[in-house]
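*Asks:* Below you'll find the structure I mean.
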Amino acid sequence: MTQFDLVLVGYGNVARRFVSLLREQQAALRRDHRLVVRVVATATRHHGCVDNGRQVSAASTLAFLRDVVTRRAAAARDGRLVVVETTTLDIARGEPATSHVRAALAGGAHVITANKGPVAFAYRSLMRAAARSNRWFLFEGAVMDGIPVFNLARETLPLVAITGFRGVVNSTTNFILTAMEQGQPFDAALREMQARGIAEADASLDVDGWDAAAKTAALANVLLGARMTPHDVSRRGIGASDGAAAIAARAAGHRLKLVVRGQREGTRVVAQVGLQQLPADDILSQLDGQQNALILTTDLLDEIAVVQRGSGLTHTAYGLLSDLVSLATHGPATRQSPRSAPPRRSPPRQPRRT
Ligand SMILES: NC(=O)c1ccc[n+]([C@@H]2O[C@H](COP(=O)([O-])OP(=O)(O)OC[C@H]3O[C@@H](n4cnc5c(N)ncnc54)[C@H](OP(=O)(O)O)[C@@H]3O)[C@@H](O)[C@H]2O)c1
C-alpha cells in the first residue's frame, strides 16, 4: 500500500471538490490502486494556513509551503509527498503558482495542479526542475478539466508528432455565446457561470480571452514544444456587442465560437484566440453551453478530436485525481521529458478532414 501525504496550496472551489472526491473514491483507490491518501497541510491567501490540524501564521503561502516541505523531508525522500496547487490564475506572470511548484519540486515533492499558470508561463523550466528532483509535475486539470489531453499525448501517442491543434476550451465564453444566440443578455449568462463556480474568480480573464490564451500557451508548450507565454498568443475575447453576430450566424446555419489555435510553422509555433464563424458540420459547431473540444493534428493519425460534453468542478477535481493515480502507477521516482520541438519526420503528411 502506498500512502500519499497531500499539501493543498489553495483551498477554493476546485480543492474542496477534490477533497470530497477523494473521500468518495477512498475505497476504490485502496482496492484498485493500493493507494491511501491524507491531507496534511492546507494554505490559502486570506483564510490562513493549517499544518497537522494546527493554524500556523506565515509570511506568505510560499514561505509556509517551504517550511511544510522541509518538515516532511522523510515523506519527500520516499516520493510520498504531493503538493496540490490550485491557486488563482495570475495572467501577468503566473505567480505565485510557479514559485509554489518550483519550491515543492526542489523540496522533493511531486506536484499536481489544475492551475494553467505554471505550465503556460514556465513549462520548460519546471520540467527541468522535476527531472533534477526525479519527481513528477502533472497538470491534467489545467485544460478541459479531467478529460484526457496531456495524458492522451503522454501515454497513448508514442512516436506521433502533433503538428497543431484547434478547439473551444473556455466553458464560460461558450456558454455566453450559446445564450446570446438565443437572445439572452451577456450579463445574465456571465452571472450564471459565476454562480456555478465555473467562471474564473476575476471573470474578465474568461471574457477577455485570457483564460483561453493561457490554455493555448499551455497546449503549445506541451504538445508543440513551444516556449511561449499567454502574452505571445494573439488574443480577442467576447463582449455584449457580439450578441448580434451570434444570432446572425445561427440564423445562417453557422455558429460563432471563440476558437483557439496553435500551429507549427517551420521551427516557429504560432498561436491565437479569436472569434470565428464556423460551418454547421465543424465538430466545434456541435458544442453548446459549457461544452469544450480539442482537435489535434498529427502526422501519423491525421486528426484526433476530444469532446467534453459535460463540465464542472467534479471534472476538474477528477483531473487532479487522475494525476494522483498516475503518480501511484508510475512510481515515486520516474523521469519524464517534454515532447521535443518540431517533428523530425519531414515532410509531415497533409491532415485529412473528418
Ligand atoms: N473552477 C473551475 O471550474 C476550474 C476549472 C479548471 C481549472 N481551474 C483552475 O483551478 C484553480 C482554482 O480554481 P478555483 O475555482 O478553486 O478558485 P478559487 O475558488 O478562487 O480558490 C482559489 C484558492 O487559491 C487561494 N489563492 C488565490 N490566490 C492566491 C495567492 N496569490 N497565494 C496563495 N493562495 C492563493 C485562495 O485563497 P483565499 O480564498 O484565502 O484568497 C483560494 O483558497 C485556478 O487556477 C483555476 O484557473 C478551475
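As shown in the C-alpha cells, the chain order sets the letters A, B, ...; within each chain, residues go from 1, and ligands are also counted from 1 in the order they appear.
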To check your reading of the model: which residues sit at most 9 Å from ligand 1 when counting only C-alpha atoms and all ligand atoms? Write the answer as a PyMOL selection string.

*Replies:* chain A and resi 9-17+42-48+60-62+85-90+95-97+100+113-117+141-146+171+196-202+211+311-317+319

*Asks:* If you count only C-alpha atoms, which residues fall within 8 Å of segment 324-328 of chain A, apart from same-chain ones fewer than 5 positions away, as a ChimeraX atom specification?

*Replies:* /A:2,33,35,112,136

*Asks:* Near Ser204 of chain A, counting only C-alpha atoms, which residues have an atom at most 12 Å away, once you skip same-chain residues fewer than 2 positions from it, shown as a PyMOL selection string?

*Replies:* chain A and resi 89+91+172-173+187+190+194+199-202+206-212+237-239

*Asks:* Can you tell me, as a list in words, what residues are no more than 10 Å from Val260 of chain A when counting only C-alpha atoms, ignoring any on the same chain fewer than 3 positions away?

*Replies:*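 Residues meeting the cut-off are Phe165, Arg166, Gly167, Val168, Val169, Asn170, Gly209, Ala212, Ala213, Lys215, Thr216, Ala217, Val233, Ser234, Arg235, Lys257, Ala271, Gln272, Val273, Gly274, Leu275, Gln276 and Leu294 of chain A.
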
*Asks:* With N, CA, C and O atoms kept, could you save the residues just selected as a PDB file, in the first residue's frame?

*Replies:*
ATOM      1  N   PHE A 165      -3.129  22.276 -33.269  1.00  0.00           N
ATOM      2  CA  PHE A 165      -4.394  21.998 -32.576  1.00  0.00           C
ATOM      3  C   PHE A 165      -5.335  23.165 -32.797  1.00  0.00           C
ATOM      4  O   PHE A 165      -4.902  24.287 -33.108  1.00  0.00           O
ATOM      5  N   ARG A 166      -6.636  22.879 -32.664  1.00  0.00           N
ATOM      6  CA  ARG A 166      -7.617  23.956 -32.589  1.00  0.00           C
ATOM      7  C   ARG A 166      -8.746  23.468 -31.708  1.00  0.00           C
ATOM      8  O   ARG A 166      -8.964  22.248 -31.567  1.00  0.00           O
ATOM      9  N   GLY A 167      -9.473  24.385 -31.095  1.00  0.00           N
ATOM     10  CA  GLY A 167     -10.533  23.937 -30.206  1.00  0.00           C
ATOM     11  C   GLY A 167     -11.286  25.071 -29.554  1.00  0.00           C
ATOM     12  O   GLY A 167     -11.010  26.256 -29.784  1.00  0.00           O
ATOM     13  N   VAL A 168     -12.280  24.665 -28.771  1.00  0.00           N
ATOM     14  CA  VAL A 168     -13.015  25.576 -27.897  1.00  0.00           C
ATOM     15  C   VAL A 168     -12.693  25.095 -26.487  1.00  0.00           C
ATOM     16  O   VAL A 168     -13.031  23.956 -26.139  1.00  0.00           O
ATOM     17  N   VAL A 169     -12.004  25.901 -25.698  1.00  0.00           N
ATOM     18  CA  VAL A 169     -11.501  25.391 -24.414  1.00  0.00           C
ATOM     19  C   VAL A 169     -11.910  26.255 -23.221  1.00  0.00           C
ATOM     20  O   VAL A 169     -11.455  26.020 -22.109  1.00  0.00           O
ATOM     21  N   ASN A 170     -12.774  27.246 -23.460  1.00  0.00           N
ATOM     22  CA  ASN A 170     -13.247  28.070 -22.339  1.00  0.00           C
ATOM     23  C   ASN A 170     -14.756  27.911 -22.205  1.00  0.00           C
ATOM     24  O   ASN A 170     -15.517  28.338 -23.083  1.00  0.00           O
ATOM     25  N   GLY A 209     -10.619  36.648 -23.007  1.00  0.00           N
ATOM     26  CA  GLY A 209      -9.850  35.638 -23.741  1.00  0.00           C
ATOM     27  C   GLY A 209      -8.542  35.246 -23.077  1.00  0.00           C
ATOM     28  O   GLY A 209      -7.766  34.460 -23.626  1.00  0.00           O
ATOM     29  N   ALA A 212      -8.403  31.474 -22.177  1.00  0.00           N
ATOM     30  CA  ALA A 212      -8.172  30.698 -23.408  1.00  0.00           C
ATOM     31  C   ALA A 212      -6.728  30.872 -23.884  1.00  0.00           C
ATOM     32  O   ALA A 212      -6.096  29.916 -24.352  1.00  0.00           O
ATOM     33  N   ALA A 213      -6.179  32.090 -23.747  1.00  0.00           N
ATOM     34  CA  ALA A 213      -4.787  32.317 -24.176  1.00  0.00           C
ATOM     35  C   ALA A 213      -3.818  31.529 -23.294  1.00  0.00           C
ATOM     36  O   ALA A 213      -2.820  30.985 -23.777  1.00  0.00           O
ATOM     37  N   LYS A 215      -4.517  28.698 -21.762  1.00  0.00           N
ATOM     38  CA  LYS A 215      -4.635  27.288 -22.161  1.00  0.00           C
ATOM     39  C   LYS A 215      -3.923  27.048 -23.493  1.00  0.00           C
ATOM     40  O   LYS A 215      -3.292  26.007 -23.693  1.00  0.00           O
ATOM     41  N   THR A 216      -4.027  28.015 -24.396  1.00  0.00           N
ATOM     42  CA  THR A 216      -3.359  27.883 -25.697  1.00  0.00           C
ATOM     43  C   THR A 216      -1.843  27.820 -25.504  1.00  0.00           C
ATOM     44  O   THR A 216      -1.159  26.985 -26.121  1.00  0.00           O
ATOM     45  N   ALA A 217      -1.322  28.696 -24.642  1.00  0.00           N
ATOM     46  CA  ALA A 217       0.132  28.659 -24.381  1.00  0.00           C
ATOM     47  C   ALA A 217       0.522  27.322 -23.754  1.00  0.00           C
ATOM     48  O   ALA A 217       1.542  26.725 -24.126  1.00  0.00           O
ATOM     49  N   VAL A 233       0.358  34.922 -27.308  1.00  0.00           N
ATOM     50  CA  VAL A 233      -0.790  34.404 -28.071  1.00  0.00           C
ATOM     51  C   VAL A 233      -1.609  35.596 -28.560  1.00  0.00           C
ATOM     52  O   VAL A 233      -2.003  36.446 -27.763  1.00  0.00           O
ATOM     53  N   SER A 234      -1.856  35.666 -29.862  1.00  0.00           N
ATOM     54  CA  SER A 234      -2.702  36.741 -30.374  1.00  0.00           C
ATOM     55  C   SER A 234      -4.129  36.482 -29.864  1.00  0.00           C
ATOM     56  O   SER A 234      -4.638  35.365 -29.968  1.00  0.00           O
ATOM     57  N   ARG A 235      -4.765  37.498 -29.286  1.00  0.00           N
ATOM     58  CA  ARG A 235      -5.954  37.242 -28.460  1.00  0.00           C
ATOM     59  C   ARG A 235      -7.080  38.231 -28.725  1.00  0.00           C
ATOM     60  O   ARG A 235      -6.850  39.412 -28.894  1.00  0.00           O
ATOM     61  N   LYS A 257     -17.950  30.987 -32.565  1.00  0.00           N
ATOM     62  CA  LYS A 257     -17.209  30.315 -31.492  1.00  0.00           C
ATOM     63  C   LYS A 257     -15.904  31.043 -31.185  1.00  0.00           C
ATOM     64  O   LYS A 257     -15.281  31.599 -32.090  1.00  0.00           O
ATOM     65  N   ALA A 271       0.236  30.984 -32.335  1.00  0.00           N
ATOM     66  CA  ALA A 271      -0.951  30.626 -31.560  1.00  0.00           C
ATOM     67  C   ALA A 271      -1.886  31.819 -31.454  1.00  0.00           C
ATOM     68  O   ALA A 271      -1.430  32.967 -31.379  1.00  0.00           O
ATOM     69  N   GLN A 272      -3.177  31.543 -31.486  1.00  0.00           N
ATOM     70  CA  GLN A 272      -4.148  32.633 -31.407  1.00  0.00           C
ATOM     71  C   GLN A 272      -5.465  32.206 -30.760  1.00  0.00           C
ATOM     72  O   GLN A 272      -5.780  31.015 -30.717  1.00  0.00           O
ATOM     73  N   VAL A 273      -6.182  33.200 -30.258  1.00  0.00           N
ATOM     74  CA  VAL A 273      -7.534  33.024 -29.717  1.00  0.00           C
ATOM     75  C   VAL A 273      -8.395  34.051 -30.438  1.00  0.00           C
ATOM     76  O   VAL A 273      -8.082  35.243 -30.399  1.00  0.00           O
ATOM     77  N   GLY A 274      -9.473  33.610 -31.102  1.00  0.00           N
ATOM     78  CA  GLY A 274     -10.289  34.585 -31.809  1.00  0.00           C
ATOM     79  C   GLY A 274     -11.684  34.080 -32.091  1.00  0.00           C
ATOM     80  O   GLY A 274     -11.935  32.867 -32.075  1.00  0.00           O
ATOM     81  N   LEU A 275     -12.595  35.007 -32.360  1.00  0.00           N
ATOM     82  CA  LEU A 275     -13.970  34.633 -32.705  1.00  0.00           C
ATOM     83  C   LEU A 275     -14.004  34.184 -34.156  1.00  0.00           C
ATOM     84  O   LEU A 275     -13.427  34.846 -35.018  1.00  0.00           O
ATOM     85  N   GLN A 276     -14.691  33.069 -34.404  1.00  0.00           N
ATOM     86  CA  GLN A 276     -14.793  32.572 -35.780  1.00  0.00           C
ATOM     87  C   GLN A 276     -16.195  32.077 -36.051  1.00  0.00           C
ATOM     88  O   GLN A 276     -16.821  31.466 -35.167  1.00  0.00           O
ATOM     89  N   LEU A 294     -11.254  19.698 -28.346  1.00  0.00           N
ATOM     90  CA  LEU A 294      -9.906  19.987 -28.844  1.00  0.00           C
ATOM     91  C   LEU A 294      -9.612  19.016 -29.980  1.00  0.00           C
ATOM     92  O   LEU A 294      -9.877  17.815 -29.859  1.00  0.00           O
TER      93      LEU A 294
END

*Asks:* How many Å lie between atom CA of Arg132 of chain A and atom CA of Val119 of chain A, rounded to one decimal?

*Replies:* 17.2 Å

*Asks:* Would you pick out the contacts of Arg309 of chain A at 10 Å or less, using only C-alpha atoms, so that residues sharing its chain but fewer than 5 positions from it are not included, and give the list as a CSV table (one decimal) with all heavy atoms, in the first residue's frame?

*Replies:*
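Saved result, result_0.csv, follows:
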chain,number,residue,atom,x,y,z
A,147,ILE,N,-10.9,15.7,-18.7
A,147,ILE,CA,-10.9,15.0,-20.0
A,147,ILE,C,-9.4,14.9,-20.4
A,147,ILE,O,-8.7,15.8,-20.4
A,147,ILE,CB,-11.7,15.8,-21.0
A,147,ILE,CG1,-13.1,16.1,-20.6
A,147,ILE,CG2,-11.7,15.1,-22.4
A,147,ILE,CD1,-13.9,14.8,-20.3
A,286,GLN,N,-20.8,21.8,-32.9
A,286,GLN,CA,-21.7,21.0,-32.2
A,286,GLN,C,-21.7,21.3,-30.7
A,286,GLN,O,-22.5,20.8,-29.9
A,286,GLN,CB,-21.4,19.5,-32.3
A,286,GLN,CG,-21.0,19.0,-33.7
A,286,GLN,CD,-22.1,19.3,-34.7
A,286,GLN,OE1,-23.2,19.0,-34.5
A,286,GLN,NE2,-21.7,19.8,-35.9
A,287,LEU,N,-20.9,22.2,-30.3
A,287,LEU,CA,-20.7,22.5,-28.8
A,287,LEU,C,-21.7,23.5,-28.3
A,287,LEU,O,-21.7,24.7,-28.7
A,287,LEU,CB,-19.3,22.9,-28.5
A,287,LEU,CG,-18.2,22.0,-29.1
A,287,LEU,CD1,-16.8,22.7,-28.9
A,287,LEU,CD2,-18.2,20.7,-28.3
A,288,ASP,N,-22.5,23.1,-27.3
A,288,ASP,CA,-23.5,24.0,-26.7
A,288,ASP,C,-23.0,24.3,-25.3
A,288,ASP,O,-22.4,23.5,-24.6
A,288,ASP,CB,-24.9,23.4,-26.7
A,288,ASP,CG,-25.5,23.3,-28.1
A,288,ASP,OD1,-25.3,24.3,-28.8
A,288,ASP,OD2,-26.1,22.3,-28.4
A,289,GLY,N,-23.5,25.4,-24.8
A,289,GLY,CA,-23.3,25.7,-23.3
A,289,GLY,C,-21.8,25.6,-22.9
A,289,GLY,O,-20.9,26.1,-23.5
A,290,GLN,N,-21.6,24.8,-21.8
A,290,GLN,CA,-20.2,24.7,-21.3
A,290,GLN,C,-19.3,23.7,-22.0
A,290,GLN,O,-18.2,23.5,-21.6
A,290,GLN,CB,-20.3,24.2,-19.8
A,290,GLN,CG,-21.0,25.3,-18.9
A,290,GLN,CD,-21.2,24.7,-17.5
A,290,GLN,OE1,-22.3,24.8,-16.9
A,290,GLN,NE2,-20.2,24.1,-16.9
A,291,GLN,N,-19.8,23.1,-23.1
A,291,GLN,CA,-19.1,22.1,-23.8
A,291,GLN,C,-17.8,22.6,-24.4
A,291,GLN,O,-17.7,23.7,-24.9
A,291,GLN,CB,-19.9,21.4,-24.8
A,291,GLN,CG,-21.1,20.6,-24.2
A,291,GLN,CD,-22.1,20.1,-25.2
A,291,GLN,OE1,-22.0,20.4,-26.4
A,291,GLN,NE2,-23.0,19.3,-24.7
A,292,ASN,N,-16.8,21.8,-24.4
A,292,ASN,CA,-15.4,22.1,-25.0
A,292,ASN,C,-15.0,21.0,-25.9
A,292,ASN,O,-15.5,19.9,-25.9
A,292,ASN,CB,-14.4,22.2,-23.9
A,292,ASN,CG,-14.4,23.4,-23.1
A,292,ASN,OD1,-13.6,23.7,-22.2
A,292,ASN,ND2,-15.4,24.3,-23.3
A,293,ALA,N,-14.1,21.3,-26.8
A,293,ALA,CA,-13.5,20.2,-27.6
A,293,ALA,C,-12.1,20.7,-28.1
A,293,ALA,O,-11.8,21.9,-28.2
A,293,ALA,CB,-14.3,19.9,-28.9

*Asks:* At a cut-off of 12 Å, using only C-alpha atoms, what residues contact Val269 of chain A? Leave out same-chain residues fewer than 2 positions from it and give the result as a count of residues only.

*Replies:* 31

*Asks:* Could you check the closest approach to Leu81 of chain A for each of A:Arg124, A:Leu6, A:Gly94, A:Val37 and tell me which residue wins, using only C-alpha atoms?

*Replies:*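 Looking at the shortest contact to Leu81 of chain A, the residue is A:Leu6.
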